[in-house]
Amino acid sequence: MTDTTSPALATALAYYQAWTSHDLDRAMSYIADDIVCDAPVGRLEGTAAYRDFMGPFVQIVTGSAMIAAFGDDKTALIMYDTETVPVKSAPGAECVTVKDGKITYNRFVFDRAPFDAAR
């Protein structure tokens with residue numbers, strides 16, 4: 001279920017649409033300069049670290065399906081299943097904090113098991 005009247009959700013969905021369309025530059029336009037991201041690889045700070053984290057993944061994405069998306073004025077949660085070159089199903093979720101149309105914090109969760117099994 002999605003409610004795009006939520007300002008945070010609108011930003012999260014625009015960001016998701018951009019990176020799943022292989023447009024990393026557009027996706028990064030929704031990321032605050034001082035982004036903090038907690039991901040399975042550890043804490044990332046700043047746009048350079050975030051771009052380095054997302055760039056390789058964006059290149060191997062071949063498809064994505066939204067599972068659910070919810071949000072309010074400041075926070076949004078999106079859950080999706082991506083298809084990538086090495087694996088058919090790589091589920092993930094992002095809980096983001098948004099301020100002035102930019103994602104300032106991202107708690108990024110994804111299942112690494114399919115990638116480990118593909119190696």
# chains A, B, ... in the order shown; residues from 1 in each chain; ligands from 1
$ residues_around --residues "segment 105-109 of chain A" --least-positions-apart "2" --cutoff "7 Å" --atoms "only C-alpha atoms" --output "MDAnalysis selection string"
chainID A and resid 35:40 92:97 103
$ closest_residue --among "A:Ala48, A:Ile60, A:Ala32, A:Ala8" --to "Thr20 of chain A" --atoms "only C-alpha atoms"
A:Ile60
$ residues_around --residues "Pro91 of chain A" --least-positions-apart "2" --cutoff "8 Å" --atoms "only C-alpha atoms" --output "PDB file with all heavy atoms, in the first residue's frame"
ATOM      1  N   MET A  79       9.758  -1.331   1.030  1.00  0.00           N
ATOM      2  CA  MET A  79      10.250  -2.705   0.973  1.00  0.00           C
ATOM      3  C   MET A  79      10.025  -3.206  -0.433  1.00  0.00           C
ATOM      4  O   MET A  79       8.956  -3.000  -1.012  1.00  0.00           O
ATOM      5  CB  MET A  79       9.535  -3.593   1.978  1.00  0.00           C
ATOM      6  CG  MET A  79      10.069  -4.997   2.006  1.00  0.00           C
ATOM      7  SD  MET A  79       9.282  -5.958   3.304  1.00  0.00           S
ATOM      8  CE  MET A  79      10.245  -7.447   3.170  1.00  0.00           C
ATOM      9  N   TYR A  80      11.049  -3.838  -0.971  1.00  0.00           N
ATOM     10  CA  TYR A  80      11.002  -4.256  -2.371  1.00  0.00           C
ATOM     11  C   TYR A  80      11.789  -5.540  -2.554  1.00  0.00           C
ATOM     12  O   TYR A  80      12.552  -5.967  -1.681  1.00  0.00           O
ATOM     13  CB  TYR A  80      11.580  -3.155  -3.271  1.00  0.00           C
ATOM     14  CG  TYR A  80      12.875  -2.590  -2.758  1.00  0.00           C
ATOM     15  CD1 TYR A  80      14.081  -3.238  -2.966  1.00  0.00           C
ATOM     16  CD2 TYR A  80      12.886  -1.411  -2.006  1.00  0.00           C
ATOM     17  CE1 TYR A  80      15.264  -2.732  -2.464  1.00  0.00           C
ATOM     18  CE2 TYR A  80      14.064  -0.899  -1.497  1.00  0.00           C
ATOM     19  CZ  TYR A  80      15.249  -1.566  -1.727  1.00  0.00           C
ATOM     20  OH  TYR A  80      16.418  -1.064  -1.221  1.00  0.00           O
ATOM     21  N   ASP A  81      11.610  -6.147  -3.708  1.00  0.00           N
ATOM     22  CA  ASP A  81      12.401  -7.312  -4.092  1.00  0.00           C
ATOM     23  C   ASP A  81      13.088  -6.968  -5.402  1.00  0.00           C
ATOM     24  O   ASP A  81      12.418  -6.631  -6.381  1.00  0.00           O
ATOM     25  CB  ASP A  81      11.509  -8.538  -4.254  1.00  0.00           C
ATOM     26  CG  ASP A  81      12.300  -9.834  -4.358  1.00  0.00           C
ATOM     27  OD1 ASP A  81      13.521  -9.820  -4.092  1.00  0.00           O
ATOM     28  OD2 ASP A  81      11.697 -10.866  -4.713  1.00  0.00           O
ATOM     29  N   THR A  82      14.407  -7.006  -5.400  1.00  0.00           N
ATOM     30  CA  THR A  82      15.143  -6.705  -6.620  1.00  0.00           C
ATOM     31  C   THR A  82      15.608  -7.991  -7.277  1.00  0.00           C
ATOM     32  O   THR A  82      15.878  -8.995  -6.614  1.00  0.00           O
ATOM     33  CB  THR A  82      16.376  -5.814  -6.346  1.00  0.00           C
ATOM     34  OG1 THR A  82      17.178  -6.418  -5.342  1.00  0.00           O
ATOM     35  CG2 THR A  82      15.970  -4.425  -5.923  1.00  0.00           C
ATOM     36  N   SER A  89      16.249 -13.069  -6.725  1.00  0.00           N
ATOM     37  CA  SER A  89      15.461 -12.424  -5.679  1.00  0.00           C
ATOM     38  C   SER A  89      16.392 -11.920  -4.586  1.00  0.00           C
ATOM     39  O   SER A  89      17.066 -12.707  -3.929  1.00  0.00           O
ATOM     40  CB  SER A  89      14.453 -13.405  -5.083  1.00  0.00           C
ATOM     41  OG  SER A  89      13.748 -12.816  -4.008  1.00  0.00           O
ATOM     42  N   ALA A  93      14.882  -3.422   2.216  1.00  0.00           N
ATOM     43  CA  ALA A  93      13.999  -2.404   2.783  1.00  0.00           C
ATOM     44  C   ALA A  93      14.842  -1.206   3.189  1.00  0.00           C
ATOM     45  O   ALA A  93      16.001  -1.355   3.577  1.00  0.00           O
ATOM     46  CB  ALA A  93      13.248  -2.948   3.992  1.00  0.00           C
ATOM     47  N   PHE A 110      19.031  -5.486   3.823  1.00  0.00           N
ATOM     48  CA  PHE A 110      18.810  -6.406   2.721  1.00  0.00           C
ATOM     49  C   PHE A 110      19.357  -7.780   3.071  1.00  0.00           C
ATOM     50  O   PHE A 110      20.203  -7.922   3.949  1.00  0.00           O
ATOM     51  CB  PHE A 110      19.390  -5.890   1.395  1.00  0.00           C
ATOM     52  CG  PHE A 110      20.872  -5.645   1.404  1.00  0.00           C
ATOM     53  CD1 PHE A 110      21.761  -6.643   1.068  1.00  0.00           C
ATOM     54  CD2 PHE A 110      21.364  -4.398   1.722  1.00  0.00           C
ATOM     55  CE1 PHE A 110      23.125  -6.413   1.069  1.00  0.00           C
ATOM     56  CE2 PHE A 110      22.727  -4.144   1.719  1.00  0.00           C
ATOM     57  CZ  PHE A 110      23.615  -5.172   1.394  1.00  0.00           C
ATOM     58  N   ASP A 111      18.847  -8.775   2.374  1.00  0.00           N
ATOM     59  CA  ASP A 111      19.226 -10.157   2.613  1.00  0.00           C
ATOM     60  C   ASP A 111      20.478 -10.477   1.798  1.00  0.00           C
ATOM     61  O   ASP A 111      20.429 -10.523   0.570  1.00  0.00           O
ATOM     62  CB  ASP A 111      18.070 -11.067   2.217  1.00  0.00           C
ATOM     63  CG  ASP A 111      18.308 -12.524   2.567  1.00  0.00           C
ATOM     64  OD1 ASP A 111      19.387 -12.856   3.102  1.00  0.00           O
ATOM     65  OD2 ASP A 111      17.402 -13.341   2.289  1.00  0.00           O
TER      66      ASP A 111
END
$ residues_around --residues "Leu9 of chain A" --least-positions-apart "6" --cutoff "10 Å" --atoms "only C-alpha atoms" --output "PyMOL selection string"
chain A and resi 2-3+15+69-78+96-98+101
$ closest_residue --among "A:Ala12, A:Ala18, A:Ile31, A:Ala117" --to "Val61 of chain A" --atoms "only C-alpha atoms"
A:Ala18
$ residues_around --residues "Asp23 of chain A" --least-positions-apart "4" --cutoff "12 Å" --atoms "only C-alpha atoms" --output "compact mmCIF listing (two decimals) with N, CA, C and O atoms, in the first residue's frame"
# COMPACT_ATOMS: atom_id res chain seq x y z
N ALA A 14 10.53 8.53 -5.28
CA ALA A 14 11.27 9.15 -6.39
C ALA A 14 12.71 8.64 -6.41
O ALA A 14 13.25 8.32 -7.48
N TYR A 15 13.32 8.54 -5.25
CA TYR A 15 14.67 7.99 -5.11
C TYR A 15 14.71 6.54 -5.60
O TYR A 15 15.57 6.15 -6.40
N TYR A 16 13.76 5.73 -5.16
CA TYR A 16 13.66 4.32 -5.57
C TYR A 16 13.49 4.20 -7.08
O TYR A 16 14.17 3.41 -7.73
N GLN A 17 12.58 5.00 -7.64
CA GLN A 17 12.38 4.98 -9.10
C GLN A 17 13.66 5.30 -9.85
O GLN A 17 13.96 4.71 -10.88
N ALA A 18 14.41 6.26 -9.33
CA ALA A 18 15.65 6.67 -10.00
C ALA A 18 16.68 5.55 -10.00
O ALA A 18 17.22 5.19 -11.05
N TRP A 19 16.97 4.98 -8.82
CA TRP A 19 18.04 3.98 -8.82
C TRP A 19 17.63 2.68 -9.47
O TRP A 19 18.46 2.00 -10.08
N ALA A 27 19.04 9.63 -8.56
CA ALA A 27 18.82 9.09 -7.21
C ALA A 27 19.58 9.92 -6.19
O ALA A 27 19.05 10.24 -5.12
N MET A 28 20.80 10.28 -6.52
CA MET A 28 21.63 11.05 -5.58
C MET A 28 21.09 12.46 -5.37
O MET A 28 21.38 13.08 -4.36
N SER A 29 20.25 12.95 -6.29
CA SER A 29 19.67 14.27 -6.10
C SER A 29 18.68 14.30 -4.93
O SER A 29 18.32 15.37 -4.45
N TYR A 30 18.27 13.13 -4.46
CA TYR A 30 17.38 13.02 -3.31
C TYR A 30 18.14 12.75 -2.01
O TYR A 30 17.53 12.59 -0.96
N ARG A 51 27.32 7.05 -2.58
CA ARG A 51 27.42 6.75 -4.01
C ARG A 51 28.28 5.51 -4.24
O ARG A 51 27.93 4.64 -5.04
N MET A 54 26.05 2.50 -3.33
CA MET A 54 24.93 2.23 -4.23
C MET A 54 25.35 1.95 -5.67
O MET A 54 24.70 1.16 -6.36
N GLY A 55 26.41 2.59 -6.13
CA GLY A 55 26.81 2.49 -7.54
C GLY A 55 26.94 1.08 -8.07
O GLY A 55 26.30 0.72 -9.09
N PHE A 57 25.72 -1.72 -6.95
CA PHE A 57 24.44 -2.42 -6.89
C PHE A 57 23.51 -1.97 -8.01
O PHE A 57 22.89 -2.79 -8.69
N VAL A 58 23.44 -0.67 -8.22
CA VAL A 58 22.57 -0.13 -9.28
C VAL A 58 22.95 -0.72 -10.64
O VAL A 58 22.08 -1.01 -11.46
N GLN A 59 24.22 -0.95 -10.86
CA GLN A 59 24.68 -1.50 -12.14
C GLN A 59 24.23 -2.93 -12.38
O GLN A 59 24.10 -3.34 -13.54
N VAL A 61 21.34 -4.34 -11.04
CA VAL A 61 19.88 -4.49 -10.92
C VAL A 61 19.28 -4.67 -12.31
O VAL A 61 19.54 -3.90 -13.23
$ closest_residue --among "A:Pro56, A:Arg119, A:Ser6, A:Thr104" --to "Leu44 of chain A" --atoms "only C-alpha atoms"
A:Thr104
$ select_by_dssp --residues "chain A" --states "helix (DSSP H, G or I)" --output "PyMOL selection string"
chain A and resi 7-20+24-28+47-60+113-118
$ closest_residue --among "A:Arg112, A:Arg26, A:Arg43, A:Lys102" --to "Pro86 of chain A" --atoms "only C-alpha atoms"
A:Arg112
$ select_by_dssp --residues "chain A" --states "strand (DSSP E)" --output "ChimeraX atom specification"
/A:31-39,42-45,61-71,75-84,90-99,102-110
$ atom_distance --atom1 "atom CA of Asp116 of chain A" --atom2 "atom CA of Asp52 of chain A"
20.2 Å
$ closest_residue --among "A:Thr47, A:Thr62, A:Thr11, A:Thr5" --to "Thr84 of chain A" --atoms "only C-alpha atoms"
A:Thr62
$ atom_distance --atom1 "atom CA of Asp33 of chain A" --atom2 "atom CA of Ile67 of chain A"
28.4 Å
$ decode --residues "segment 2-112 of chain A" --atoms "C-alpha atoms" --output "mmCIF file, in the first residue's frame"
data_model
loop_
_atom_site.group_PDB
_atom_site.id
_atom_site.type_symbol
_atom_site.label_atom_id
_atom_site.label_comp_id
_atom_site.auth_asym_id
_atom_site.auth_seq_id
_atom_site.Cartn_x
_atom_site.Cartn_y
_atom_site.Cartn_z
ATOM 1 C CA THR A 2 1.280 3.470 -0.797
ATOM 2 C CA ASP A 3 0.068 6.930 0.132
ATOM 3 C CA THR A 4 1.979 9.422 -2.002
ATOM 4 C CA THR A 5 0.492 12.362 -0.096
ATOM 5 C CA SER A 6 3.226 11.752 2.475
ATOM 6 C CA PRO A 7 6.125 14.128 1.730
ATOM 7 C CA ALA A 8 8.719 11.637 2.987
ATOM 8 C CA LEU A 9 7.188 8.809 0.979
ATOM 9 C CA ALA A 10 7.100 10.899 -2.191
ATOM 10 C CA THR A 11 10.847 11.505 -1.822
ATOM 11 C CA ALA A 12 11.575 7.851 -1.026
ATOM 12 C CA LEU A 13 9.590 6.650 -4.045
ATOM 13 C CA ALA A 14 11.270 9.146 -6.388
ATOM 14 C CA TYR A 15 14.673 7.986 -5.110
ATOM 15 C CA TYR A 16 13.661 4.318 -5.569
ATOM 16 C CA GLN A 17 12.375 4.977 -9.102
ATOM 17 C CA ALA A 18 15.651 6.668 -10.003
ATOM 18 C CA TRP A 19 18.044 3.979 -8.819
ATOM 19 C CA THR A 20 15.916 1.109 -10.094
ATOM 20 C CA SER A 21 15.980 2.865 -13.488
ATOM 21 C CA HIS A 22 19.812 2.917 -13.333
ATOM 22 C CA ASP A 23 19.881 6.693 -12.917
ATOM 23 C CA LEU A 24 22.267 7.040 -10.003
ATOM 24 C CA ASP A 25 22.741 10.774 -10.575
ATOM 25 C CA ARG A 26 19.002 11.386 -10.254
ATOM 26 C CA ALA A 27 18.819 9.092 -7.214
ATOM 27 C CA MET A 28 21.628 11.050 -5.585
ATOM 28 C CA SER A 29 19.670 14.274 -6.098
ATOM 29 C CA TYR A 30 17.377 13.025 -3.307
ATOM 30 C CA ILE A 31 20.292 12.387 -0.931
ATOM 31 C CA ALA A 32 21.410 15.070 1.557
ATOM 32 C CA ASP A 33 25.087 16.017 1.523
ATOM 33 C CA ASP A 34 25.421 14.858 5.133
ATOM 34 C CA ILE A 35 23.537 11.558 4.644
ATOM 35 C CA VAL A 36 24.079 8.905 7.287
ATOM 36 C CA CYS A 37 23.306 5.351 6.235
ATOM 37 C CA ASP A 38 23.363 2.275 8.418
ATOM 38 C CA ALA A 39 23.667 -0.759 6.159
ATOM 39 C CA PRO A 40 24.916 -4.338 6.451
ATOM 40 C CA VAL A 41 28.375 -3.096 5.408
ATOM 41 C CA GLY A 42 28.423 -0.652 8.339
ATOM 42 C CA ARG A 43 27.824 3.069 8.760
ATOM 43 C CA LEU A 44 28.282 5.291 5.716
ATOM 44 C CA GLU A 45 28.541 9.064 5.997
ATOM 45 C CA GLY A 46 28.317 11.626 3.197
ATOM 46 C CA THR A 47 27.339 11.454 -0.443
ATOM 47 C CA ALA A 48 30.673 10.058 -1.703
ATOM 48 C CA ALA A 49 30.433 7.026 0.583
ATOM 49 C CA TYR A 50 26.745 6.587 -0.261
ATOM 50 C CA ARG A 51 27.416 6.749 -4.013
ATOM 51 C CA ASP A 52 30.260 4.229 -3.656
ATOM 52 C CA PHE A 53 27.860 1.907 -1.809
ATOM 53 C CA MET A 54 24.932 2.229 -4.230
ATOM 54 C CA GLY A 55 26.809 2.489 -7.536
ATOM 55 C CA PRO A 56 27.867 -1.152 -7.966
ATOM 56 C CA PHE A 57 24.444 -2.423 -6.895
ATOM 57 C CA VAL A 58 22.573 -0.126 -9.278
ATOM 58 C CA GLN A 59 24.684 -1.499 -12.143
ATOM 59 C CA ILE A 60 23.614 -5.119 -11.510
ATOM 60 C CA VAL A 61 19.884 -4.493 -10.925
ATOM 61 C CA THR A 62 17.765 -5.965 -13.718
ATOM 62 C CA GLY A 63 14.349 -5.447 -12.135
ATOM 63 C CA SER A 64 12.507 -4.536 -8.967
ATOM 64 C CA ALA A 65 9.039 -4.998 -7.505
ATOM 65 C CA MET A 66 7.638 -2.870 -4.697
ATOM 66 C CA ILE A 67 6.249 -4.923 -1.824
ATOM 67 C CA ALA A 68 5.038 -2.089 0.419
ATOM 68 C CA ALA A 69 5.592 1.601 1.036
ATOM 69 C CA PHE A 70 4.417 3.787 3.896
ATOM 70 C CA GLY A 71 5.277 7.246 5.155
ATOM 71 C CA ASP A 72 4.428 10.388 7.040
ATOM 72 C CA ASP A 73 5.840 13.917 7.082
ATOM 73 C CA LYS A 74 9.384 12.897 8.037
ATOM 74 C CA THR A 75 9.804 9.127 7.693
ATOM 75 C CA ALA A 76 9.146 6.576 4.983
ATOM 76 C CA LEU A 77 9.605 2.832 4.717
ATOM 77 C CA ILE A 78 9.869 1.052 1.397
ATOM 78 C CA MET A 79 10.250 -2.705 0.973
ATOM 79 C CA TYR A 80 11.002 -4.256 -2.371
ATOM 80 C CA ASP A 81 12.401 -7.312 -4.092
ATOM 81 C CA THR A 82 15.143 -6.705 -6.620
ATOM 82 C CA GLU A 83 16.313 -8.989 -9.369
ATOM 83 C CA THR A 84 20.013 -8.711 -10.131
ATOM 84 C CA VAL A 85 22.508 -10.250 -12.530
ATOM 85 C CA PRO A 86 23.744 -12.817 -9.962
ATOM 86 C CA VAL A 87 20.452 -13.517 -8.113
ATOM 87 C CA LYS A 88 16.761 -13.616 -9.044
ATOM 88 C CA SER A 89 15.461 -12.424 -5.679
ATOM 89 C CA ALA A 90 17.235 -9.961 -3.408
ATOM 90 C CA PRO A 91 14.725 -8.449 -0.974
ATOM 91 C CA GLY A 92 15.523 -5.172 0.722
ATOM 92 C CA ALA A 93 13.999 -2.404 2.783
ATOM 93 C CA GLU A 94 14.902 1.195 3.471
ATOM 94 C CA CYS A 95 13.599 3.279 6.344
ATOM 95 C CA VAL A 96 14.478 6.872 5.547
ATOM 96 C CA THR A 97 14.273 10.202 7.294
ATOM 97 C CA VAL A 98 13.553 13.115 4.957
ATOM 98 C CA LYS A 99 14.063 16.825 5.480
ATOM 99 C CA ASP A 100 13.318 19.434 2.810
ATOM 100 C CA GLY A 101 12.944 16.747 0.118
ATOM 101 C CA LYS A 102 16.317 15.120 0.861
ATOM 102 C CA ILE A 103 17.050 11.811 2.549
ATOM 103 C CA THR A 104 19.168 12.592 5.607
ATOM 104 C CA TYR A 105 19.215 9.114 7.148
ATOM 105 C CA ASN A 106 18.742 5.654 5.664
ATOM 106 C CA ARG A 107 18.485 2.420 7.616
ATOM 107 C CA PHE A 108 19.158 0.007 4.744
ATOM 108 C CA VAL A 109 18.379 -3.670 5.285
ATOM 109 C CA PHE A 110 18.810 -6.406 2.721
ATOM 110 C CA ASP A 111 19.226 -10.157 2.613
ATOM 111 C CA ARG A 112 22.843 -10.980 1.797
#
